[in-house]
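Trainee: My structure is stored as target18.cif, with mmCIF, N, CA and C atoms.
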```cif
data_structure
loop_
_atom_site.label_atom_id
_atom_site.label_comp_id
_atom_site.auth_asym_id
_atom_site.auth_seq_id
_atom_site.Cartn_x
_atom_site.Cartn_y
_atom_site.Cartn_z
N MET A 169 -43.17 -28.35 -107.21
CA MET A 169 -43.29 -27.09 -106.50
C MET A 169 -42.41 -27.18 -105.25
N ASP A 170 -41.66 -26.12 -104.98
CA ASP A 170 -40.81 -26.11 -103.80
C ASP A 170 -41.68 -25.93 -102.54
N ALA A 171 -41.09 -26.22 -101.40
CA ALA A 171 -41.83 -26.21 -100.14
C ALA A 171 -42.41 -24.84 -99.79
N LYS A 172 -41.66 -23.77 -100.05
CA LYS A 172 -42.14 -22.42 -99.73
C LYS A 172 -43.36 -22.07 -100.58
N SER A 173 -43.29 -22.37 -101.86
CA SER A 173 -44.43 -22.11 -102.76
C SER A 173 -45.62 -22.98 -102.38
N ALA A 174 -45.35 -24.22 -102.01
CA ALA A 174 -46.43 -25.13 -101.62
C ALA A 174 -47.13 -24.61 -100.36
N ALA A 175 -46.38 -24.11 -99.41
CA ALA A 175 -46.97 -23.56 -98.19
C ALA A 175 -47.84 -22.36 -98.51
N SER A 176 -47.37 -21.50 -99.38
CA SER A 176 -48.15 -20.33 -99.79
C SER A 176 -49.42 -20.77 -100.53
N PHE A 177 -49.27 -21.75 -101.39
CA PHE A 177 -50.41 -22.29 -102.14
C PHE A 177 -51.48 -22.80 -101.18
N ILE A 178 -51.07 -23.57 -100.18
CA ILE A 178 -52.00 -24.11 -99.20
C ILE A 178 -52.71 -22.98 -98.44
N GLN A 179 -52.00 -21.93 -98.10
CA GLN A 179 -52.63 -20.80 -97.41
C GLN A 179 -53.72 -20.18 -98.27
N HIS A 180 -53.47 -20.04 -99.55
CA HIS A 180 -54.48 -19.48 -100.45
C HIS A 180 -55.68 -20.41 -100.57
N VAL A 181 -55.42 -21.69 -100.68
CA VAL A 181 -56.51 -22.67 -100.78
C VAL A 181 -57.35 -22.63 -99.51
N GLU A 182 -56.72 -22.54 -98.36
CA GLU A 182 -57.46 -22.48 -97.11
C GLU A 182 -58.30 -21.20 -97.03
N ARG A 183 -57.77 -20.12 -97.57
CA ARG A 183 -58.54 -18.86 -97.61
C ARG A 183 -59.78 -19.02 -98.49
N VAL A 184 -59.63 -19.71 -99.60
CA VAL A 184 -60.78 -19.96 -100.48
C VAL A 184 -61.85 -20.75 -99.74
N ILE A 185 -61.44 -21.76 -99.00
CA ILE A 185 -62.39 -22.57 -98.24
C ILE A 185 -63.09 -21.72 -97.18
N GLU A 186 -62.34 -20.86 -96.51
CA GLU A 186 -62.94 -19.96 -95.52
C GLU A 186 -63.97 -19.04 -96.16
N GLU A 187 -63.63 -18.50 -97.33
CA GLU A 187 -64.56 -17.60 -98.03
C GLU A 187 -65.83 -18.33 -98.47
N LEU A 188 -65.67 -19.56 -98.94
CA LEU A 188 -66.85 -20.34 -99.31
C LEU A 188 -67.73 -20.60 -98.09
N SER A 189 -67.12 -20.86 -96.97
CA SER A 189 -67.88 -21.08 -95.74
C SER A 189 -68.61 -19.81 -95.31
N LEU A 190 -67.96 -18.66 -95.43
CA LEU A 190 -68.61 -17.39 -95.11
C LEU A 190 -69.77 -17.11 -96.06
N ALA A 191 -69.58 -17.40 -97.33
CA ALA A 191 -70.65 -17.21 -98.31
C ALA A 191 -71.84 -18.09 -97.95
N LEU A 192 -71.56 -19.29 -97.51
CA LEU A 192 -72.62 -20.21 -97.12
C LEU A 192 -73.38 -19.70 -95.90
N THR A 193 -72.68 -19.07 -94.97
CA THR A 193 -73.33 -18.47 -93.81
C THR A 193 -74.30 -17.37 -94.24
N LEU A 194 -73.87 -16.55 -95.18
CA LEU A 194 -74.75 -15.50 -95.71
C LEU A 194 -75.97 -16.11 -96.41
N ALA A 195 -75.73 -17.15 -97.18
CA ALA A 195 -76.83 -17.80 -97.88
C ALA A 195 -77.84 -18.40 -96.91
N LYS A 196 -77.36 -18.92 -95.80
CA LYS A 196 -78.27 -19.52 -94.81
C LYS A 196 -79.24 -18.48 -94.27
N GLU A 197 -78.74 -17.28 -94.07
CA GLU A 197 -79.57 -16.20 -93.53
C GLU A 197 -80.54 -15.63 -94.55
N ALA A 198 -80.19 -15.75 -95.85
CA ALA A 198 -80.97 -15.07 -96.88
C ALA A 198 -81.75 -16.01 -97.80
N SER A 199 -81.70 -17.31 -97.54
CA SER A 199 -82.32 -18.26 -98.48
C SER A 199 -83.35 -19.13 -97.78
N PRO A 200 -84.35 -19.54 -98.54
CA PRO A 200 -85.27 -20.55 -97.99
C PRO A 200 -84.50 -21.85 -97.72
N ALA A 201 -85.02 -22.67 -96.82
CA ALA A 201 -84.32 -23.88 -96.38
C ALA A 201 -83.95 -24.80 -97.53
N ASP A 202 -84.85 -25.00 -98.48
CA ASP A 202 -84.55 -25.93 -99.58
C ASP A 202 -83.45 -25.39 -100.49
N GLU A 203 -83.45 -24.10 -100.73
CA GLU A 203 -82.41 -23.48 -101.54
C GLU A 203 -81.06 -23.55 -100.81
N PHE A 204 -81.09 -23.28 -99.51
CA PHE A 204 -79.86 -23.34 -98.73
C PHE A 204 -79.27 -24.75 -98.74
N LEU A 205 -80.13 -25.75 -98.63
CA LEU A 205 -79.64 -27.13 -98.65
C LEU A 205 -78.93 -27.45 -99.96
N ARG A 206 -79.48 -26.97 -101.08
CA ARG A 206 -78.82 -27.18 -102.38
C ARG A 206 -77.47 -26.46 -102.42
N LEU A 207 -77.44 -25.22 -101.93
CA LEU A 207 -76.19 -24.48 -101.90
C LEU A 207 -75.16 -25.16 -100.99
N LYS A 208 -75.62 -25.60 -99.85
CA LYS A 208 -74.73 -26.27 -98.89
C LYS A 208 -74.12 -27.52 -99.51
N THR A 209 -74.93 -28.28 -100.21
CA THR A 209 -74.44 -29.49 -100.88
C THR A 209 -73.41 -29.13 -101.94
N SER A 210 -73.70 -28.11 -102.73
CA SER A 210 -72.77 -27.69 -103.78
C SER A 210 -71.45 -27.19 -103.20
N VAL A 211 -71.53 -26.36 -102.18
CA VAL A 211 -70.31 -25.83 -101.55
C VAL A 211 -69.52 -26.98 -100.92
N GLY A 212 -70.21 -27.90 -100.29
CA GLY A 212 -69.53 -29.06 -99.72
C GLY A 212 -68.78 -29.87 -100.77
N ASP A 213 -69.43 -30.04 -101.93
CA ASP A 213 -68.78 -30.75 -103.04
C ASP A 213 -67.54 -30.01 -103.51
N ILE A 214 -67.64 -28.70 -103.62
CA ILE A 214 -66.51 -27.89 -104.08
C ILE A 214 -65.35 -27.99 -103.09
N ILE A 215 -65.64 -27.86 -101.81
CA ILE A 215 -64.60 -27.94 -100.79
C ILE A 215 -63.95 -29.32 -100.80
N ALA A 216 -64.75 -30.35 -100.93
CA ALA A 216 -64.20 -31.70 -100.98
C ALA A 216 -63.28 -31.89 -102.18
N ARG A 217 -63.68 -31.35 -103.33
CA ARG A 217 -62.84 -31.46 -104.52
C ARG A 217 -61.54 -30.69 -104.36
N ILE A 218 -61.63 -29.50 -103.77
CA ILE A 218 -60.42 -28.71 -103.51
C ILE A 218 -59.48 -29.52 -102.63
N ASP A 219 -60.03 -30.09 -101.58
CA ASP A 219 -59.20 -30.84 -100.64
C ASP A 219 -58.55 -32.05 -101.30
N THR A 220 -59.31 -32.82 -102.03
CA THR A 220 -58.75 -34.04 -102.60
C THR A 220 -57.88 -33.80 -103.82
N MET A 221 -58.29 -32.88 -104.69
CA MET A 221 -57.57 -32.68 -105.94
C MET A 221 -56.37 -31.76 -105.80
N LEU A 222 -56.53 -30.68 -105.10
CA LEU A 222 -55.44 -29.71 -105.00
C LEU A 222 -54.55 -29.97 -103.80
N GLN A 223 -55.13 -29.94 -102.62
CA GLN A 223 -54.32 -30.12 -101.42
C GLN A 223 -53.73 -31.51 -101.38
N GLY A 224 -54.47 -32.52 -101.82
CA GLY A 224 -53.95 -33.87 -101.81
C GLY A 224 -52.67 -34.00 -102.61
N ASN A 225 -52.59 -33.34 -103.74
CA ASN A 225 -51.37 -33.39 -104.56
C ASN A 225 -50.21 -32.69 -103.87
N ILE A 226 -50.47 -31.59 -103.20
CA ILE A 226 -49.42 -30.87 -102.49
C ILE A 226 -48.92 -31.71 -101.31
N TYR A 227 -49.84 -32.26 -100.53
CA TYR A 227 -49.46 -33.03 -99.35
C TYR A 227 -48.69 -34.29 -99.72
N LYS A 228 -48.96 -34.83 -100.90
CA LYS A 228 -48.23 -36.02 -101.35
C LYS A 228 -46.75 -35.68 -101.50
N ASP A 229 -46.47 -34.50 -102.04
CA ASP A 229 -45.08 -34.06 -102.25
C ASP A 229 -44.47 -33.40 -101.01
N HIS A 230 -45.33 -32.82 -100.16
CA HIS A 230 -44.87 -32.09 -98.97
C HIS A 230 -45.72 -32.50 -97.76
N PRO A 231 -45.58 -33.72 -97.25
CA PRO A 231 -46.44 -34.19 -96.17
C PRO A 231 -46.35 -33.35 -94.90
N GLY A 232 -45.27 -32.64 -94.70
CA GLY A 232 -45.13 -31.81 -93.52
C GLY A 232 -46.08 -30.62 -93.50
N LEU A 233 -46.67 -30.29 -94.65
CA LEU A 233 -47.59 -29.15 -94.71
C LEU A 233 -49.02 -29.53 -94.31
N ASP A 234 -49.31 -30.82 -94.25
CA ASP A 234 -50.65 -31.27 -93.88
C ASP A 234 -50.94 -30.84 -92.45
N GLY A 235 -51.99 -30.05 -92.29
CA GLY A 235 -52.36 -29.57 -90.97
C GLY A 235 -51.53 -28.41 -90.48
N MET A 236 -51.01 -27.58 -91.40
CA MET A 236 -50.11 -26.49 -91.00
C MET A 236 -50.83 -25.26 -90.49
N LYS A 237 -52.15 -25.31 -90.35
CA LYS A 237 -52.89 -24.14 -89.87
C LYS A 237 -52.31 -23.63 -88.57
N ASP A 238 -52.46 -22.32 -88.41
CA ASP A 238 -51.92 -21.67 -87.19
C ASP A 238 -52.57 -22.19 -85.94
#
```
Please, can you express the file's structure as structure tokens?
Mentor:
Amino acid sequence: MDAKSAASFIQHVERVIEELSLALTLAKEASPADEFLRLKTSVGDIIARIDTMLQGNIYKDHPGLDGMKD
């Protein structure tokens, strides 16, 4: 993947992580504590997998993109 596409890809991945975090905030307000804890664990696992599997592969090829947030 070229650098421009990789940068765009990372922006989309970061947006997904932000959306998952927002969804978790909503769940915290609307769920019993035990249910929220299960959701929080699941979302954490998903974010960790995104970071290691997707972003890790991009950063290996384009290390300059690591930490490119505004």
Trainee: Separation of atom CA of A:Lys208 and atom N of A:Thr220, in Å?
Mentor: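 If I compute the distance from atom CA of A:Lys208 to atom N of A:Thr220, I get 17.0 Å.
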Trainee: Have a look at atom CA of A:Ile226 and atom N of A:Ile178 and let me know their distance in Å, one decimal.
Mentor: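 Distance between the two atoms: 7.8 Å.
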Trainee: Quick one: everything within 12 Å of A:Phe177, counting only C-alpha atoms, minus sequence neighbours fewer than 3 positions away in the same chain. Send it as a ChimeraX atom specification.
Mentor: /A:169-174,180-184,218,222-223,225-227,230,233,236
Trainee: Any idea what the distance is between atom N of A:Leu205 and atom CA of A:Glu186?
Mentor: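 Between these atoms lies a distance of 18.4 Å.
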Trainee: What's around stretch 190-197 of chain A at 8 Å? Count only C-alpha atoms, leave out sequence neighbours fewer than 5 positions away in its own chain, and write the answer as a ChimeraX atom specification.
Mentor: /A:204,207-208,211
Trainee: Of the residues A:Leu188, A:Glu203, A:Arg217, A:Ala175, which is the one nearest to A:Gly232, using only C-alpha atoms?
Mentor: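 Once distances to A:Gly232 are computed over only C-alpha atoms, the minimum belongs to A:Ala175.
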Trainee: Give the alpha helix (DSSP H) residues of chain A, as assigned by DSSP on the backbone, as number ranges by chain.
Mentor: A: 171-198, 201-217, 224-229
Trainee: Only N, CA and C atoms, please: the residues just picked out, written as a short mmCIF file (atom, residue, chain, number, x, y, z; two decimals), in the coordinates of the input.
Mentor:
```cif
data_model
loop_
_atom_site.label_atom_id
_atom_site.label_comp_id
_atom_site.auth_asym_id
_atom_site.auth_seq_id
_atom_site.Cartn_x
_atom_site.Cartn_y
_atom_site.Cartn_z
N ALA A 171 -41.09 -26.22 -101.40
CA ALA A 171 -41.83 -26.21 -100.14
C ALA A 171 -42.41 -24.84 -99.79
N LYS A 172 -41.66 -23.77 -100.05
CA LYS A 172 -42.14 -22.42 -99.73
C LYS A 172 -43.36 -22.07 -100.58
N SER A 173 -43.29 -22.37 -101.86
CA SER A 173 -44.43 -22.11 -102.76
C SER A 173 -45.62 -22.98 -102.38
N ALA A 174 -45.35 -24.22 -102.01
CA ALA A 174 -46.43 -25.13 -101.62
C ALA A 174 -47.13 -24.61 -100.36
N ALA A 175 -46.38 -24.11 -99.41
CA ALA A 175 -46.97 -23.56 -98.19
C ALA A 175 -47.84 -22.36 -98.51
N SER A 176 -47.37 -21.50 -99.38
CA SER A 176 -48.15 -20.33 -99.79
C SER A 176 -49.42 -20.77 -100.53
N PHE A 177 -49.27 -21.75 -101.39
CA PHE A 177 -50.41 -22.29 -102.14
C PHE A 177 -51.48 -22.80 -101.18
N ILE A 178 -51.07 -23.57 -100.18
CA ILE A 178 -52.00 -24.11 -99.20
C ILE A 178 -52.71 -22.98 -98.44
N GLN A 179 -52.00 -21.93 -98.10
CA GLN A 179 -52.63 -20.80 -97.41
C GLN A 179 -53.72 -20.18 -98.27
N HIS A 180 -53.47 -20.04 -99.55
CA HIS A 180 -54.48 -19.48 -100.45
C HIS A 180 -55.68 -20.41 -100.57
N VAL A 181 -55.42 -21.69 -100.68
CA VAL A 181 -56.51 -22.67 -100.78
C VAL A 181 -57.35 -22.63 -99.51
N GLU A 182 -56.72 -22.54 -98.36
CA GLU A 182 -57.46 -22.48 -97.11
C GLU A 182 -58.30 -21.20 -97.03
N ARG A 183 -57.77 -20.12 -97.57
CA ARG A 183 -58.54 -18.86 -97.61
C ARG A 183 -59.78 -19.02 -98.49
N VAL A 184 -59.63 -19.71 -99.60
CA VAL A 184 -60.78 -19.96 -100.48
C VAL A 184 -61.85 -20.75 -99.74
N ILE A 185 -61.44 -21.76 -99.00
CA ILE A 185 -62.39 -22.57 -98.24
C ILE A 185 -63.09 -21.72 -97.18
N GLU A 186 -62.34 -20.86 -96.51
CA GLU A 186 -62.94 -19.96 -95.52
C GLU A 186 -63.97 -19.04 -96.16
N GLU A 187 -63.63 -18.50 -97.33
CA GLU A 187 -64.56 -17.60 -98.03
C GLU A 187 -65.83 -18.33 -98.47
N LEU A 188 -65.67 -19.56 -98.94
CA LEU A 188 -66.85 -20.34 -99.31
C LEU A 188 -67.73 -20.60 -98.09
N SER A 189 -67.12 -20.86 -96.97
CA SER A 189 -67.88 -21.08 -95.74
C SER A 189 -68.61 -19.81 -95.31
N LEU A 190 -67.96 -18.66 -95.43
CA LEU A 190 -68.61 -17.39 -95.11
C LEU A 190 -69.77 -17.11 -96.06
N ALA A 191 -69.58 -17.40 -97.33
CA ALA A 191 -70.65 -17.21 -98.31
C ALA A 191 -71.84 -18.09 -97.95
N LEU A 192 -71.56 -19.29 -97.51
CA LEU A 192 -72.62 -20.21 -97.12
C LEU A 192 -73.38 -19.70 -95.90
N THR A 193 -72.68 -19.07 -94.97
CA THR A 193 -73.33 -18.47 -93.81
C THR A 193 -74.30 -17.37 -94.24
N LEU A 194 -73.87 -16.55 -95.18
CA LEU A 194 -74.75 -15.50 -95.71
C LEU A 194 -75.97 -16.11 -96.41
N ALA A 195 -75.73 -17.15 -97.18
CA ALA A 195 -76.83 -17.80 -97.88
C ALA A 195 -77.84 -18.40 -96.91
N LYS A 196 -77.36 -18.92 -95.80
CA LYS A 196 -78.27 -19.52 -94.81
C LYS A 196 -79.24 -18.48 -94.27
N GLU A 197 -78.74 -17.28 -94.07
CA GLU A 197 -79.57 -16.20 -93.53
C GLU A 197 -80.54 -15.63 -94.55
N ALA A 198 -80.19 -15.75 -95.85
CA ALA A 198 -80.97 -15.07 -96.88
C ALA A 198 -81.75 -16.01 -97.80
N ALA A 201 -85.02 -22.67 -96.82
CA ALA A 201 -84.32 -23.88 -96.38
C ALA A 201 -83.95 -24.80 -97.53
N ASP A 202 -84.85 -25.00 -98.48
CA ASP A 202 -84.55 -25.93 -99.58
C ASP A 202 -83.45 -25.39 -100.49
N GLU A 203 -83.45 -24.10 -100.73
CA GLU A 203 -82.41 -23.48 -101.54
C GLU A 203 -81.06 -23.55 -100.81
N PHE A 204 -81.09 -23.28 -99.51
CA PHE A 204 -79.86 -23.34 -98.73
C PHE A 204 -79.27 -24.75 -98.74
N LEU A 205 -80.13 -25.75 -98.63
CA LEU A 205 -79.64 -27.13 -98.65
C LEU A 205 -78.93 -27.45 -99.96
N ARG A 206 -79.48 -26.97 -101.08
CA ARG A 206 -78.82 -27.18 -102.38
C ARG A 206 -77.47 -26.46 -102.42
N LEU A 207 -77.44 -25.22 -101.93
CA LEU A 207 -76.19 -24.48 -101.90
C LEU A 207 -75.16 -25.16 -100.99
N LYS A 208 -75.62 -25.60 -99.85
CA LYS A 208 -74.73 -26.27 -98.89
C LYS A 208 -74.12 -27.52 -99.51
N THR A 209 -74.93 -28.28 -100.21
CA THR A 209 -74.44 -29.49 -100.88
C THR A 209 -73.41 -29.13 -101.94
N SER A 210 -73.70 -28.11 -102.73
CA SER A 210 -72.77 -27.69 -103.78
C SER A 210 -71.45 -27.19 -103.20
N VAL A 211 -71.53 -26.36 -102.18
CA VAL A 211 -70.31 -25.83 -101.55
C VAL A 211 -69.52 -26.98 -100.92
N GLY A 212 -70.21 -27.90 -100.29
CA GLY A 212 -69.53 -29.06 -99.72
C GLY A 212 -68.78 -29.87 -100.77
N ASP A 213 -69.43 -30.04 -101.93
CA ASP A 213 -68.78 -30.75 -103.04
C ASP A 213 -67.54 -30.01 -103.51
N ILE A 214 -67.64 -28.70 -103.62
CA ILE A 214 -66.51 -27.89 -104.08
C ILE A 214 -65.35 -27.99 -103.09
N ILE A 215 -65.64 -27.86 -101.81
CA ILE A 215 -64.60 -27.94 -100.79
C ILE A 215 -63.95 -29.32 -100.80
N ALA A 216 -64.75 -30.35 -100.93
CA ALA A 216 -64.20 -31.70 -100.98
C ALA A 216 -63.28 -31.89 -102.18
N ARG A 217 -63.68 -31.35 -103.33
CA ARG A 217 -62.84 -31.46 -104.52
C ARG A 217 -61.54 -30.69 -104.36
N GLY A 224 -54.47 -32.52 -101.82
CA GLY A 224 -53.95 -33.87 -101.81
C GLY A 224 -52.67 -34.00 -102.61
N ASN A 225 -52.59 -33.34 -103.74
CA ASN A 225 -51.37 -33.39 -104.56
C ASN A 225 -50.21 -32.69 -103.87
N ILE A 226 -50.47 -31.59 -103.20
CA ILE A 226 -49.42 -30.87 -102.49
C ILE A 226 -48.92 -31.71 -101.31
N TYR A 227 -49.84 -32.26 -100.53
CA TYR A 227 -49.46 -33.03 -99.35
C TYR A 227 -48.69 -34.29 -99.72
N LYS A 228 -48.96 -34.83 -100.90
CA LYS A 228 -48.23 -36.02 -101.35
C LYS A 228 -46.75 -35.68 -101.50
N ASP A 229 -46.47 -34.50 -102.04
CA ASP A 229 -45.08 -34.06 -102.25
C ASP A 229 -44.47 -33.40 -101.01
#
```
